[in-house]
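Printed here is run.csv (CSV, C-alpha atoms):
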```csv
chain,number,residue,atom,x,y,z
H,1,MET,CA,56.2,117.2,152.2
H,2,ALA,CA,53.9,116.7,155.1
H,3,ALA,CA,55.2,115.1,158.2
H,4,SER,CA,53.4,112.1,159.7
H,5,PRO,CA,51.8,112.7,163.0
H,6,SER,CA,54.0,111.8,166.0
H,7,PRO,CA,52.9,108.9,168.2
H,8,ARG,CA,52.1,111.5,170.9
H,9,ASP,CA,49.6,113.2,168.5
H,10,ARG,CA,48.0,109.9,167.6
H,11,SER,CA,47.5,108.9,171.2
H,12,ARG,CA,45.5,112.1,172.0
H,13,HIS,CA,42.6,110.9,169.9
H,14,PRO,CA,42.5,107.1,170.2
H,15,GLY,CA,40.0,105.3,168.1
H,16,ALA,CA,39.3,108.3,165.8
H,17,ALA,CA,39.6,106.1,162.7
H,18,ARG,CA,37.2,103.5,164.1
H,19,ALA,CA,34.8,106.3,165.2
H,20,TRP,CA,34.9,107.8,161.7
H,21,VAL,CA,34.1,104.4,160.0
H,22,THR,CA,31.3,103.7,162.5
H,23,TRP,CA,29.8,107.1,162.0
H,24,TRP,CA,30.1,106.7,158.2
H,25,VAL,CA,28.4,103.3,158.2
H,26,LEU,CA,25.6,104.5,160.4
H,27,LEU,CA,25.0,107.7,158.4
H,28,ALA,CA,25.3,106.0,155.0
H,29,ALA,CA,22.7,103.5,156.2
H,30,LEU,CA,20.5,106.4,157.4
H,31,TRP,CA,20.9,108.0,153.9
H,32,LEU,CA,19.8,104.7,152.2
H,33,ALA,CA,16.8,104.4,154.5
H,34,LEU,CA,15.7,108.0,153.8
H,35,VAL,CA,16.2,108.0,150.0
H,36,ASP,CA,14.9,104.4,149.5
H,37,THR,CA,16.8,103.9,146.3
H,38,VAL,CA,20.0,102.3,145.2
H,39,LEU,CA,20.7,104.3,142.0
H,40,ALA,CA,24.4,105.1,141.5
H,41,PRO,CA,24.1,108.9,141.8
H,42,GLU,CA,22.2,108.5,145.1
H,43,LEU,CA,24.7,106.1,146.5
H,44,ALA,CA,27.6,108.5,145.6
H,45,ALA,CA,25.8,111.4,147.1
H,46,GLY,CA,25.1,109.4,150.3
H,47,ALA,CA,28.7,108.3,150.5
H,48,VAL,CA,29.9,111.9,150.3
H,49,ALA,CA,27.3,113.2,152.7
H,50,ALA,CA,28.1,110.4,155.2
H,51,ALA,CA,31.8,111.2,154.9
H,52,ILE,CA,31.3,114.9,155.6
H,53,ALA,CA,29.0,114.2,158.5
H,54,ALA,CA,31.4,111.5,159.9
H,55,THR,CA,34.3,113.9,159.7
H,56,GLY,CA,32.3,116.5,161.6
H,57,ALA,CA,31.3,114.0,164.3
H,58,VAL,CA,35.0,113.0,164.7
H,59,VAL,CA,36.1,116.6,164.9
H,60,VAL,CA,33.5,117.3,167.6
H,61,ARG,CA,34.5,114.1,169.4
H,62,SER,CA,38.1,115.2,169.5
H,63,GLN,CA,37.2,118.3,171.4
H,64,ARG,CA,35.5,116.7,174.3
H,65,ARG,CA,37.4,116.9,177.6
H,66,LEU,CA,35.3,114.4,179.5
H,67,LEU,CA,33.2,111.3,178.7
H,68,LEU,CA,30.0,111.3,180.8
H,69,ARG,CA,29.3,108.2,182.9
H,70,PRO,CA,25.6,108.2,183.9
H,71,LYS,CA,24.2,105.6,186.1
H,72,ALA,CA,21.5,103.3,184.8
H,73,ALA,CA,19.5,103.8,188.1
H,74,TRP,CA,19.0,107.5,187.1
H,75,LEU,CA,16.6,106.3,184.4
H,76,ARG,CA,14.1,105.7,187.1
H,77,ALA,CA,13.6,109.5,187.4
H,78,VAL,CA,12.5,109.9,183.8
H,79,PRO,CA,8.9,108.7,184.1
H,80,GLY,CA,8.3,111.0,187.0
H,81,ARG,CA,9.8,113.9,185.1
H,82,LEU,CA,7.6,113.2,182.1
H,83,LEU,CA,4.5,113.1,184.3
H,84,ARG,CA,5.5,116.5,185.8
H,85,VAL,CA,5.4,117.9,182.2
H,86,VAL,CA,1.6,117.2,182.3
H,87,THR,CA,0.9,118.0,186.0
H,88,ASP,CA,2.8,121.3,185.7
H,89,LEU,CA,0.5,122.5,183.0
H,90,ARG,CA,-2.0,123.6,185.5
H,91,PRO,CA,0.3,126.0,187.4
H,92,LEU,CA,1.5,127.3,184.0
H,93,LEU,CA,-2.1,128.0,182.8
H,94,VAL,CA,-2.9,129.7,186.2
H,95,ALA,CA,0.2,131.9,185.8
H,96,LEU,CA,-0.7,132.8,182.2
H,97,TRP,CA,-4.3,133.7,183.3
H,98,ARG,CA,-3.3,135.8,186.3
H,99,ARG,CA,-0.3,137.5,184.8
H,100,GLY,CA,-1.2,137.6,181.1
H,101,ILE,CA,-5.0,138.1,181.1
H,102,ARG,CA,-5.7,139.7,184.5
H,103,ARG,CA,-2.4,141.5,184.6
H,104,ALA,CA,-1.8,140.6,188.3
H,105,ASP,CA,1.4,141.8,189.8
H,106,GLU,CA,2.8,138.4,190.6
H,107,HIS,CA,6.3,137.1,190.1
H,108,GLY,CA,8.1,133.8,190.0
H,109,ALA,CA,10.7,132.9,192.5
H,110,MET,CA,14.4,132.0,192.5
H,111,ALA,CA,15.6,129.4,194.9
H,112,GLU,CA,19.2,128.4,195.8
H,113,LEU,CA,19.5,124.8,196.8
H,114,PRO,CA,22.5,122.8,198.1
H,115,TYR,CA,24.0,120.6,195.4
H,116,ALA,CA,26.8,118.0,195.9
H,117,ALA,CA,27.7,116.7,192.4
H,118,VAL,CA,30.4,119.3,191.6
H,119,GLY,CA,33.4,117.2,190.9
H,120,ASP,CA,35.4,116.9,187.7
H,121,ASP,CA,34.8,113.1,187.4
H,122,PRO,CA,32.6,111.7,184.6
H,123,GLU,CA,29.8,110.6,187.0
H,124,SER,CA,29.5,114.1,188.6
H,125,ALA,CA,29.5,115.7,185.2
H,126,ALA,CA,26.7,113.3,184.0
H,127,HIS,CA,24.8,114.1,187.2
H,128,ARG,CA,24.9,117.8,186.4
H,129,VAL,CA,23.7,117.2,182.8
H,130,PHE,CA,20.8,115.0,183.9
H,131,THR,CA,19.9,117.5,186.7
H,132,GLU,CA,19.8,120.4,184.4
H,133,ALA,CA,17.9,118.5,181.7
H,134,LEU,CA,15.4,116.7,183.9
H,135,GLY,CA,15.0,119.5,186.4
H,136,SER,CA,14.0,121.9,183.6
H,137,LEU,CA,11.8,119.5,181.7
H,138,ALA,CA,8.5,120.5,183.5
H,139,PRO,CA,7.2,123.9,182.6
H,140,ASN,CA,7.0,125.4,186.1
H,141,THR,CA,10.6,124.8,187.1
H,142,MET,CA,13.9,125.7,185.4
H,143,VAL,CA,17.4,125.0,186.5
H,144,VAL,CA,19.2,128.2,185.8
H,145,GLN,CA,22.7,127.4,186.9
H,146,ILE,CA,24.8,125.0,188.9
H,147,ASP,CA,27.5,126.9,190.8
H,148,ARG,CA,30.2,124.4,191.4
H,149,GLU,CA,32.3,126.7,193.6
H,150,ARG,CA,29.4,127.5,196.0
H,151,ARG,CA,28.0,124.0,195.6
H,152,THR,CA,24.5,125.3,194.8
H,153,LEU,CA,21.8,124.8,192.3
H,154,LEU,CA,19.9,128.0,191.2
H,155,VAL,CA,16.3,127.3,190.2
H,156,HIS,CA,13.5,129.5,188.9
H,157,GLN,CA,9.9,128.6,189.5
H,158,LEU,CA,7.1,130.4,187.6
H,159,VAL,CA,4.7,129.6,190.4
H,160,PRO,CA,6.6,129.1,193.6
H,161,THR,CA,6.1,125.7,195.4
H,162,PRO,CA,6.8,124.9,199.0
H,163,ASP,CA,9.6,122.5,198.1
H,164,PRO,CA,11.5,123.6,195.0
H,165,ALA,CA,14.1,120.9,195.6
H,166,ALA,CA,11.5,118.2,194.8
H,167,GLN,CA,10.9,119.8,191.4
H,168,ALA,CA,14.5,120.7,190.5
H,169,LYS,CA,16.6,117.8,191.8
H,170,PRO,CA,15.2,114.7,190.1
H,171,LEU,CA,18.2,112.5,190.9
H,172,PRO,CA,19.5,111.2,194.2
H,173,GLU,CA,22.6,113.0,195.4
H,174,PRO,CA,25.9,111.2,194.6
```
Turn the structure described in the file into structure tokens.
Amino acid sequence: MAASPSPRDRSRHPGAARAWVTWWVLLAALWLALVDTVLAPELAAGAVAAAIAATGAVVVRSQRRLLLRPKAAWLRAVPGRLLRVVTDLRPLLVALWRRGIRRADEHGAMAELPYAAVGDDPESAAHRVFTEALGSLAPNTMVVQIDRERRTLLVHQLVPTPDPAAQAKPLPEP
């Protein structure tokens, strides 16, 4: 006979049932949109597939330690980062030509930059996620690591620029 979960166990994952139902409805709707039929076997297969995927989503959700809290103002950095994807193609092509075709003995550069968003709060965690993602979006610059203990951002540039911080730190400091 299985024991029912204690109130303490239930409180560790609040909203799990609501999250499961929400995921199931969304995934079942996606299934219907993709198969574009309402035949009984397809509906049953979709219900089972959505249940399996919703269970997986809730299991992953239960493992999270922190819920990210990004600021809406950070979205202003996205267009500039997308533009850098295009403008950084030139240095990438130059590096490929020099190092790949001409076999020049050139190397990229690592830069260590000061970085302040090292806290355990949801906003600092979101800042780190956005910094790594947006800072590595353009092909010339890649955020390698954020060292929270040393409060630094380690960046690699294929073709070194005078100001690596401008490339790697797309968001304002918190």
Of the candidates H:Val86, H:Ile146, H:Val94, H:Ile101, which shows the shortest atom-to-atom distance to Val118 of chain H, using only C-alpha atoms? H:Ile146
Quick one: contact table of segment 18-98 of chain H to segment 147-166 of chain H, 10 Å max, nearest atom pair and distance in Å to one decimal per residue, counting all atoms listed in the file, chain and number order, as CSV?
```
residue,atom,partner,partner_atom,distance
H:Asp88,CA,H:Val159,CA,9.7
H:Pro91,CA,H:Val159,CA,6.4
H:Leu92,CA,H:Leu158,CA,7.3
H:Val94,CA,H:Val159,CA,8.7
H:Ala95,CA,H:Val159,CA,6.8
H:Leu96,CA,H:Leu158,CA,9.8
```
I need the residues from that last selection saved to file as a PDB file, keeping the file's coordinate frame (with C-alpha atoms), if you can.
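Full text of out_33.pdb as output:
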```pdb
ATOM      1  CA  ASP H  88       2.800 121.300 185.700  1.00  0.00           C
ATOM      2  CA  PRO H  91       0.300 126.000 187.400  1.00  0.00           C
ATOM      3  CA  LEU H  92       1.500 127.300 184.000  1.00  0.00           C
ATOM      4  CA  VAL H  94      -2.900 129.700 186.200  1.00  0.00           C
ATOM      5  CA  ALA H  95       0.200 131.900 185.800  1.00  0.00           C
ATOM      6  CA  LEU H  96      -0.700 132.800 182.200  1.00  0.00           C
TER       7      LEU H  96
END
```
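Taking all atoms listed in the file into account, Arg76 of chain H lies nearest to H:Leu134 out of the set H:Ala111, H:Val144, H:Leu43, H:Leu134.
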List every protein, DNA or RNA residue that has at least one atom no more than 7 Å from (13.6, 116.3, 181.5) in the file's coordinates, counting all atoms listed in the file, and write the result as a PyMOL selection string. chain H and resi 78+81-82+133-138
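The two atoms in question, atom CA of Arg84 of chain H and atom CA of Ala116 of chain H, are spaced 23.6 Å apart.
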Which is closest to Gly119 of chain H among H:Val25, H:Leu83, H:Leu66, H:Glu132, if we use only C-alpha atoms? H:Leu66
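Across the model, the gap from atom CA of Thr37 of chain H to atom CA of Ala57 of chain H is 25.2 Å.
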